[in-house]
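Engineer: Structure provided below as structure tokens; questions to follow.
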Amino acid sequence: MGRARTPVISQSTVRRHSILEPDTGQALLAWIQQFGYNGVVTLDLSFQVRSWNRWMELHSGISSENASGKNLFNLFPDLHERKLTGVFERALQGESSVLSSSLHRYLLPMPAPFRETGLTHMLQTARIAPLYSEGKLSGVIVVIEDVTQRESQAEALERQHRRDELLSWALAHLLKTEEPRKAIRQLFFKVAEQMDFDTFLVYLRDLESGQLTLEAAGGILVEATKEFLTCPFASLSTGSSGFVVLNSLRQLQSPEYAALHNAGVRAAIAMPLVANERNLGLLCFATCSRDNIANEESTLLGAIAQYLAMALARESTNRQLQKARDALSQHAQLLEVKVEERTARLQETVSELETFCYTIAHDLRAPARGISGFCEIVLDDLSAGLSPNARVLIERIARSGRRMEALTHDLLEFSRISRQEIVLGPVTIESVIEEISTVRLPQVRQAITVSGPLQPVRAHRGLLQHVLSNLIDNAVKFTRPGVEPKIHIYTEPVSRGSPNTRSRALTFSSTGTASGPDVAGANDAPNGYIRIWVQDNGIGIPREAHQKIFGIFERGATLDNYEGTGIGLAIVARAMQRMGGTCGVESELGQGSRFWLELPAA
């Protein structure tokens, strides 16, 4: 209810209309009295009816003669009951009020003009204001507008909007769920928000026996649920409409409805769940508060039942497909178990071999050192009593001992690289080379030329230092007699997909490339890759040996005259693998070698 301080017919209004001729004013009042589109009633200071236009006669059923001189509150006693007399009293105090249909529905009870709306009373908007005559308050004027059709249409549109939203929600909810049976209860609560239903039952049909089984229920006491184990709608014919509506259920005394009567159900609707020409079950909504279910409600619930049927059919199909997939995958699972068992045994064997290798290499170091040491003692202290042949033999034993010691050292290094924990980070190559040339291999400092700047890489600093040390040491070792070693180190960016830089894990490509990431995230290189080149002027490597020199105990065909264990390049390959990088060689016999290392850019 709204209030306005400005009167509907104020003194200023009277003065403005005083220019009208008396005949014109009388004609206007006569038109309002006979043909006005709204109801107009005037009351005196004691709320006695002074005027009652034709509109009021038609809609109230009270003639002007019967209304004239009567107290309005006696004509419509419910004004007292509905506590609306105050607005009339305030009008005598100079206040205007507006009564809307949304708050009060109507001012004066009149029959609804349209039966199809289902309303018993006309919906009204009313204005109650003070009435002035010759500048003095003389009573109250009431103007009533019939808004039944407009409000009914607005309510109908709002109901349709809410139901469209409900259908959209139900369809989306059932489409996205993988288990529609579990979504039924939530679906019911959503329906209950929109419509006056307080009970639901869902029966699903066994496709083989055709028996209906209670799947879910709501709004029923737990102890009463057992009465619904047998479907009360099983004997009903669904007819052409696809569902059955039971209105005024209290008047239906069939024994099959006993469970519904005991639960207090007054109206119910049962809808078959049909999809792909298969009857999957039955969905029932019921109410304990009213005796009728409207046709538009039946249509809406029928659509929801169809959505549920489609979701149940999809679930059934998915289950059948899953069973088929399970049956087809049983053989694959058995094979996978066998492969896992064999892989576990292989890994155990490899681990045992690595442990054995480490143990043997570690335990052999002391005997090897002992052999070399004793030979040196014999040659130093007893050389005068040795024959030339004996000296030669002891020198050979000493060399073999030193070789065995170097071999065990390299084996331990290879094992350590394979077992140590690797953490990658940005590494500057210049600092690594500087440390190698000043600390580890100071004798090669003058032989190294660096073409900078060297681009940083993502690697393990210790492993990268070990790799470069081995390559630099080899470059010095495998140089022709009388030739000063020259080592050139530089970098260049490369693409990850280059066929000359990548190969499968734990294999060697035709160019001698060893690869295979052994660190989580090693293959993720958002900034690309950097190739480090180590070029020498050594004796070179024949093309047929490129593939095997990165394997353990493998040496080039022309290296018999040079000392070595055959493990150095295997250590290089294994270290690059642990860092998620690759390595390889480009070389021709007698023309030097170019070894390369590829790592992610930092």
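Going through the structure tokens in order, the chains are called A, B, and so on, while each chain numbers its residues from 1 and the ligands are numbered from 1 in the order shown.
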If you count only C-alpha atoms, which residues fall within 10 Å of Pro481 in chain A, apart from same-chain ones fewer than 4 positions away, as a ChimeraX atom specification?
Structural biologist: /A:485,538-539
Engineer: I need the chosen residues saved as a compact mmCIF listing (two decimals), in the first residue's frame, with N, CA and C atoms.
Structural biologist:
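result-v5.txt, freshly written:
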```
# COMPACT_ATOMS: atom_id res chain seq x y z
N PRO A 485 97.22 -30.79 -28.74
CA PRO A 485 95.76 -30.88 -28.76
C PRO A 485 95.12 -29.50 -28.81
N GLY A 538 91.80 -34.62 -32.74
CA GLY A 538 92.37 -35.92 -32.43
C GLY A 538 92.39 -36.87 -33.62
N ILE A 539 92.51 -38.16 -33.30
CA ILE A 539 92.69 -39.17 -34.34
C ILE A 539 91.40 -39.49 -35.07
```
Engineer: Per residue of range 154-240 of chain A within 7 Å of range 250-272 of chain A, what are the shortest atom pair and its distance in Å to one decimal, counting only C-alpha atoms, with rows by chain and residue number, as a tab-separated table?
Structural biologist:
```
residue	atom	partner	partner_atom	distance
A:Ile220	CA	A:Ala263	CA	6.9
A:Glu227	CA	A:Ala259	CA	5.8
A:Phe228	CA	A:Ala259	CA	6.6
A:Pro232	CA	A:Glu256	CA	5.5
```
Engineer: Atoms to include: N, CA and C atoms. Write the selected residues as a compact mmCIF listing (two decimals), in the first residue's frame.
Structural biologist:
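Contents of the output file again-v1.txt:
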```
# COMPACT_ATOMS: atom_id res chain seq x y z
N ILE A 220 7.62 -40.26 2.86
CA ILE A 220 6.92 -41.37 3.50
C ILE A 220 7.72 -41.81 4.72
N GLU A 227 4.98 -50.81 2.98
CA GLU A 227 3.66 -50.93 2.35
C GLU A 227 3.72 -50.62 0.86
N PHE A 228 4.80 -49.94 0.42
CA PHE A 228 4.92 -49.56 -0.99
C PHE A 228 5.88 -50.46 -1.75
N PRO A 232 1.48 -49.70 -6.09
CA PRO A 232 0.02 -49.54 -6.11
C PRO A 232 -0.53 -49.18 -7.49
```
Engineer: CA of Ala275 in chain A and CA of Ser316 in chain A, how far apart in Å?
Structural biologist: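 The value is 11.0 Å.
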Engineer: Which is closer to Gly580 in chain A than all the others in A:His488, A:Arg543, A:Lys477, A:His460, using only C-alpha atoms?
Structural biologist: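 That would be A:His460, the residue with the smallest distance to Gly580 in chain A.
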Engineer: Would you list, as a count of residues only, the residues of range 22-230 of chain A that end up in alpha helix (DSSP H) under DSSP run on this structure's backbone?
Structural biologist: 88
Engineer: Tell me which of A:Lys548, A:Lys190, A:His59, A:Lys323 sits closest to Arg163 in chain A, counting only C-alpha atoms.
Structural biologist: A:Lys190
Engineer: Expressed in Å to a single decimal, how great is the separation between CA of His161 in chain A and CA of Val244 in chain A?
Structural biologist: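 Computed distance, CA of His161 in chain A to CA of Val244 in chain A, equals 25.3 Å.
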Engineer: List as a PyMOL selection string the protein and nucleic acid residues near range 441-456 of chain A, meaning an atom at most 6 Å away when only C-alpha atoms are counted, but skip any in the same chain fewer than 3 places from it.
Structural biologist: chain A and resi 427-428+436-438+485-491+602
Engineer: Do a neighbour search on range 365-379 of chain A at 10 Å with only C-alpha atoms, toss out local chain neighbours closer than 6 positions, and write the hits as an NGL selection string.
Structural biologist: :A and (385-386 or 390-391 or 393-409 or 412)
Engineer: Would you pick out the contacts of range 586-599 of chain A at 8 Å or less, using only C-alpha atoms, so that residues sharing its chain but fewer than 3 positions from it are not included, and give the list as a ChimeraX atom specification?
Structural biologist: /A:457-459,471,501,511,529-543,546,576,579-583
Engineer: Just write the chosen residues, C-alpha atoms, as a compact mmCIF listing (two decimals), in the first residue's frame.
Structural biologist:
```
# COMPACT_ATOMS: atom_id res chain seq x y z
CA VAL A 457 71.28 -24.84 -19.82
CA ARG A 458 69.05 -26.66 -17.37
CA ALA A 459 71.17 -29.46 -15.93
CA LEU A 471 85.18 -35.28 -23.32
CA THR A 501 69.40 -35.00 -31.84
CA THR A 511 74.86 -41.23 -35.22
CA TYR A 529 67.21 -26.67 -26.35
CA ILE A 530 70.92 -25.83 -26.38
CA ARG A 531 73.54 -27.98 -28.11
CA ILE A 532 77.05 -27.86 -26.63
CA TRP A 533 79.83 -28.72 -29.10
CA VAL A 534 83.25 -30.08 -28.01
CA GLN A 535 85.49 -30.21 -31.10
CA ASP A 536 89.04 -31.66 -31.13
CA ASN A 537 91.86 -32.34 -33.60
CA GLY A 538 92.37 -35.92 -32.43
CA ILE A 539 92.69 -39.17 -34.34
CA GLY A 540 88.99 -39.32 -35.18
CA ILE A 541 86.53 -42.21 -34.96
CA PRO A 542 85.51 -44.44 -37.88
CA ARG A 543 81.87 -44.11 -38.87
CA HIS A 546 79.87 -44.17 -33.83
CA MET A 576 73.03 -37.12 -20.17
CA MET A 579 69.57 -35.10 -16.97
CA GLY A 580 66.99 -35.65 -19.70
CA GLY A 581 69.41 -34.73 -22.48
CA THR A 582 71.03 -36.41 -25.48
CA CYS A 583 74.55 -36.77 -26.84
```
Engineer: Rank A:Arg105, A:Gln124, A:Val142, A:Ala129 by their smallest atom-to-atom distance to Arg82 in chain A, using only C-alpha atoms, and report the top residue only.
Structural biologist: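 Once distances to Arg82 in chain A are computed over only C-alpha atoms, the minimum belongs to A:Arg105.
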Engineer: Among the residues of range 373-454 of chain A, find those DSSP assigns to strand (DSSP E) from the backbone and print them as JSON, numbers by chain.
Structural biologist: {"A": [425, 426, 427, 448, 449, 450]}
Engineer: For C-alpha atoms, I'd like the residues from the last selection saved as an mmCIF file, in the first residue's frame.
Structural biologist:
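That gives us result_21.cif:
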```
data_model
loop_
_atom_site.group_PDB
_atom_site.id
_atom_site.type_symbol
_atom_site.label_atom_id
_atom_site.label_comp_id
_atom_site.auth_asym_id
_atom_site.auth_seq_id
_atom_site.Cartn_x
_atom_site.Cartn_y
_atom_site.Cartn_z
ATOM 1 C CA GLY A 425 68.654 -26.179 -12.324
ATOM 2 C CA PRO A 426 70.200 -23.375 -14.418
ATOM 3 C CA VAL A 427 73.909 -23.918 -15.113
ATOM 4 C CA ILE A 448 90.831 -25.031 -24.767
ATOM 5 C CA THR A 449 89.244 -22.299 -26.878
ATOM 6 C CA VAL A 450 85.751 -21.085 -25.967
#
```
Engineer: Within 9 Å of range 90-93 of chain A, counting only C-alpha atoms, which residues show up once you throw out same-chain ones fewer than 5 positions away? Write them as a PDB file with N, CA and C atoms, in the first residue's frame, please.
Structural biologist:
```pdb
ATOM      1  N   PRO A   7      -3.813  15.164  -2.663  1.00  0.00           N
ATOM      2  CA  PRO A   7      -5.160  14.591  -2.822  1.00  0.00           C
ATOM      3  C   PRO A   7      -5.458  14.321  -4.283  1.00  0.00           C
ATOM      4  N   LEU A  45     -18.574  12.252   5.007  1.00  0.00           N
ATOM      5  CA  LEU A  45     -17.653  12.226   6.131  1.00  0.00           C
ATOM      6  C   LEU A  45     -17.905  11.059   7.073  1.00  0.00           C
ATOM      7  N   THR A  85     -10.063  -0.465   6.988  1.00  0.00           N
ATOM      8  CA  THR A  85     -10.819   0.761   7.288  1.00  0.00           C
ATOM      9  C   THR A  85      -9.882   1.936   7.558  1.00  0.00           C
ATOM     10  N   ILE A 128      -7.686   5.561  -2.804  1.00  0.00           N
ATOM     11  CA  ILE A 128      -8.587   6.164  -1.825  1.00  0.00           C
ATOM     12  C   ILE A 128      -8.004   7.534  -1.469  1.00  0.00           C
ATOM     13  N   ALA A 129      -8.786   8.608  -1.688  1.00  0.00           N
ATOM     14  CA  ALA A 129      -8.264   9.963  -1.490  1.00  0.00           C
ATOM     15  C   ALA A 129      -9.346  10.865  -0.893  1.00  0.00           C
ATOM     16  N   PRO A 130      -8.911  11.941  -0.251  1.00  0.00           N
ATOM     17  CA  PRO A 130      -9.907  12.899   0.275  1.00  0.00           C
ATOM     18  C   PRO A 130     -10.623  13.634  -0.864  1.00  0.00           C
ATOM     19  N   LEU A 131     -11.887  13.982  -0.630  1.00  0.00           N
ATOM     20  CA  LEU A 131     -12.698  14.681  -1.632  1.00  0.00           C
ATOM     21  C   LEU A 131     -13.024  16.072  -1.091  1.00  0.00           C
ATOM     22  N   LEU A 137     -13.085  19.879   2.911  1.00  0.00           N
ATOM     23  CA  LEU A 137     -13.142  18.420   2.870  1.00  0.00           C
ATOM     24  C   LEU A 137     -14.585  17.991   3.039  1.00  0.00           C
ATOM     25  N   SER A 138     -15.076  17.265   2.047  1.00  0.00           N
ATOM     26  CA  SER A 138     -16.485  16.866   2.082  1.00  0.00           C
ATOM     27  C   SER A 138     -16.668  15.357   2.141  1.00  0.00           C
ATOM     28  N   GLY A 139     -15.597  14.588   2.013  1.00  0.00           N
ATOM     29  CA  GLY A 139     -15.756  13.130   2.049  1.00  0.00           C
ATOM     30  C   GLY A 139     -14.543  12.408   1.463  1.00  0.00           C
ATOM     31  N   VAL A 140     -14.787  11.225   0.883  1.00  0.00           N
ATOM     32  CA  VAL A 140     -13.740  10.357   0.337  1.00  0.00           C
ATOM     33  C   VAL A 140     -14.144   9.908  -1.060  1.00  0.00           C
ATOM     34  N   ILE A 141     -13.194   9.848  -1.960  1.00  0.00           N
ATOM     35  CA  ILE A 141     -13.437   9.300  -3.296  1.00  0.00           C
ATOM     36  C   ILE A 141     -12.604   8.032  -3.469  1.00  0.00           C
TER      37      ILE A 141
END
```
Engineer: Write out as a ChimeraX atom specification each polymer residue whose atoms come within 12 Å of Leu204 in chain A, counting only C-alpha atoms; drop sequence neighbours fewer than 6 positions from it.
Structural biologist: /A:181,210-217,229-231,234,271-274,278-284,308-309,312-313,316
Engineer: Restricted to N, CA and C atoms, what would the selected residues look like written as a PDB file, in the first residue's frame?
Structural biologist:
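Result went into part36.pdb, see below:
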```pdb
ATOM      1  N   ARG A 181      19.973 -42.602 -10.943  1.00  0.00           N
ATOM      2  CA  ARG A 181      19.205 -43.135  -9.813  1.00  0.00           C
ATOM      3  C   ARG A 181      19.481 -42.335  -8.544  1.00  0.00           C
ATOM      4  N   GLY A 210      10.433 -58.446 -15.673  1.00  0.00           N
ATOM      5  CA  GLY A 210       9.360 -57.464 -15.795  1.00  0.00           C
ATOM      6  C   GLY A 210       8.834 -56.984 -14.458  1.00  0.00           C
ATOM      7  N   GLN A 211       9.416 -57.429 -13.335  1.00  0.00           N
ATOM      8  CA  GLN A 211       8.946 -57.081 -12.005  1.00  0.00           C
ATOM      9  C   GLN A 211       9.360 -55.655 -11.637  1.00  0.00           C
ATOM     10  N   LEU A 212       8.402 -54.902 -11.040  1.00  0.00           N
ATOM     11  CA  LEU A 212       8.687 -53.547 -10.567  1.00  0.00           C
ATOM     12  C   LEU A 212       9.228 -53.604  -9.144  1.00  0.00           C
ATOM     13  N   THR A 213      10.349 -52.912  -8.921  1.00  0.00           N
ATOM     14  CA  THR A 213      10.978 -52.883  -7.612  1.00  0.00           C
ATOM     15  C   THR A 213      11.114 -51.440  -7.150  1.00  0.00           C
ATOM     16  N   LEU A 214      10.773 -51.177  -5.885  1.00  0.00           N
ATOM     17  CA  LEU A 214      10.883 -49.827  -5.346  1.00  0.00           C
ATOM     18  C   LEU A 214      12.356 -49.432  -5.284  1.00  0.00           C
ATOM     19  N   GLU A 215      12.716 -48.388  -6.026  1.00  0.00           N
ATOM     20  CA  GLU A 215      14.100 -47.918  -6.070  1.00  0.00           C
ATOM     21  C   GLU A 215      14.347 -46.776  -5.098  1.00  0.00           C
ATOM     22  N   ALA A 216      13.386 -45.824  -4.982  1.00  0.00           N
ATOM     23  CA  ALA A 216      13.555 -44.665  -4.115  1.00  0.00           C
ATOM     24  C   ALA A 216      12.188 -44.142  -3.711  1.00  0.00           C
ATOM     25  N   ALA A 217      12.126 -43.524  -2.527  1.00  0.00           N
ATOM     26  CA  ALA A 217      10.875 -42.958  -2.031  1.00  0.00           C
ATOM     27  C   ALA A 217      11.195 -41.762  -1.159  1.00  0.00           C
ATOM     28  N   LEU A 229       6.314 -51.554  -1.131  1.00  0.00           N
ATOM     29  CA  LEU A 229       7.185 -52.473  -1.865  1.00  0.00           C
ATOM     30  C   LEU A 229       6.462 -53.048  -3.067  1.00  0.00           C
ATOM     31  N   THR A 230       5.153 -53.242  -2.925  1.00  0.00           N
ATOM     32  CA  THR A 230       4.315 -53.621  -4.066  1.00  0.00           C
ATOM     33  C   THR A 230       3.744 -52.353  -4.673  1.00  0.00           C
ATOM     34  N   CYS A 231       3.980 -52.153  -5.943  1.00  0.00           N
ATOM     35  CA  CYS A 231       3.574 -50.907  -6.602  1.00  0.00           C
ATOM     36  C   CYS A 231       2.047 -50.787  -6.642  1.00  0.00           C
ATOM     37  N   ALA A 234       0.569 -50.777 -10.378  1.00  0.00           N
ATOM     38  CA  ALA A 234       0.970 -51.811 -11.328  1.00  0.00           C
ATOM     39  C   ALA A 234      -0.168 -52.231 -12.239  1.00  0.00           C
ATOM     40  N   MET A 271       3.575 -41.992 -13.855  1.00  0.00           N
ATOM     41  CA  MET A 271       4.047 -41.842 -15.239  1.00  0.00           C
ATOM     42  C   MET A 271       5.030 -42.957 -15.560  1.00  0.00           C
ATOM     43  N   PRO A 272       4.809 -43.678 -16.648  1.00  0.00           N
ATOM     44  CA  PRO A 272       5.760 -44.732 -17.029  1.00  0.00           C
ATOM     45  C   PRO A 272       7.073 -44.124 -17.527  1.00  0.00           C
ATOM     46  N   LEU A 273       8.169 -44.806 -17.244  1.00  0.00           N
ATOM     47  CA  LEU A 273       9.492 -44.390 -17.715  1.00  0.00           C
ATOM     48  C   LEU A 273       9.817 -45.213 -18.955  1.00  0.00           C
ATOM     49  N   VAL A 274       9.582 -44.615 -20.119  1.00  0.00           N
ATOM     50  CA  VAL A 274       9.726 -45.329 -21.383  1.00  0.00           C
ATOM     51  C   VAL A 274      10.816 -44.653 -22.208  1.00  0.00           C
ATOM     52  N   ARG A 278      11.246 -49.244 -24.515  1.00  0.00           N
ATOM     53  CA  ARG A 278      11.366 -50.134 -23.364  1.00  0.00           C
ATOM     54  C   ARG A 278      10.782 -49.444 -22.145  1.00  0.00           C
ATOM     55  N   ASN A 279       9.928 -50.173 -21.414  1.00  0.00           N
ATOM     56  CA  ASN A 279       9.351 -49.648 -20.187  1.00  0.00           C
ATOM     57  C   ASN A 279      10.308 -49.955 -19.049  1.00  0.00           C
ATOM     58  N   LEU A 280      10.960 -48.896 -18.558  1.00  0.00           N
ATOM     59  CA  LEU A 280      12.004 -49.067 -17.553  1.00  0.00           C
ATOM     60  C   LEU A 280      11.492 -48.985 -16.129  1.00  0.00           C
ATOM     61  N   GLY A 281      10.250 -48.493 -15.941  1.00  0.00           N
ATOM     62  CA  GLY A 281       9.735 -48.386 -14.584  1.00  0.00           C
ATOM     63  C   GLY A 281       8.616 -47.383 -14.495  1.00  0.00           C
ATOM     64  N   LEU A 282       8.451 -46.801 -13.290  1.00  0.00           N
ATOM     65  CA  LEU A 282       7.318 -45.919 -13.034  1.00  0.00           C
ATOM     66  C   LEU A 282       7.768 -44.822 -12.074  1.00  0.00           C
ATOM     67  N   LEU A 283       7.330 -43.585 -12.366  1.00  0.00           N
ATOM     68  CA  LEU A 283       7.599 -42.435 -11.505  1.00  0.00           C
ATOM     69  C   LEU A 283       6.283 -41.878 -11.017  1.00  0.00           C
ATOM     70  N   CYS A 284       6.178 -41.660  -9.701  1.00  0.00           N
ATOM     71  CA  CYS A 284       4.935 -41.157  -9.118  1.00  0.00           C
ATOM     72  C   CYS A 284       5.236 -39.939  -8.254  1.00  0.00           C
ATOM     73  N   LEU A 308      14.004 -38.393 -17.257  1.00  0.00           N
ATOM     74  CA  LEU A 308      14.544 -39.410 -16.361  1.00  0.00           C
ATOM     75  C   LEU A 308      14.674 -40.749 -17.073  1.00  0.00           C
ATOM     76  N   ALA A 309      13.686 -41.092 -17.899  1.00  0.00           N
ATOM     77  CA  ALA A 309      13.747 -42.356 -18.646  1.00  0.00           C
ATOM     78  C   ALA A 309      14.942 -42.378 -19.585  1.00  0.00           C
ATOM     79  N   LEU A 312      18.058 -42.917 -17.498  1.00  0.00           N
ATOM     80  CA  LEU A 312      18.159 -44.304 -17.050  1.00  0.00           C
ATOM     81  C   LEU A 312      18.556 -45.227 -18.197  1.00  0.00           C
ATOM     82  N   ALA A 313      18.022 -44.957 -19.387  1.00  0.00           N
ATOM     83  CA  ALA A 313      18.393 -45.773 -20.551  1.00  0.00           C
ATOM     84  C   ALA A 313      19.860 -45.590 -20.883  1.00  0.00           C
ATOM     85  N   SER A 316      21.829 -47.533 -18.373  1.00  0.00           N
ATOM     86  CA  SER A 316      21.787 -48.969 -18.674  1.00  0.00           C
ATOM     87  C   SER A 316      22.711 -49.314 -19.831  1.00  0.00           C
TER      88      SER A 316
END
```
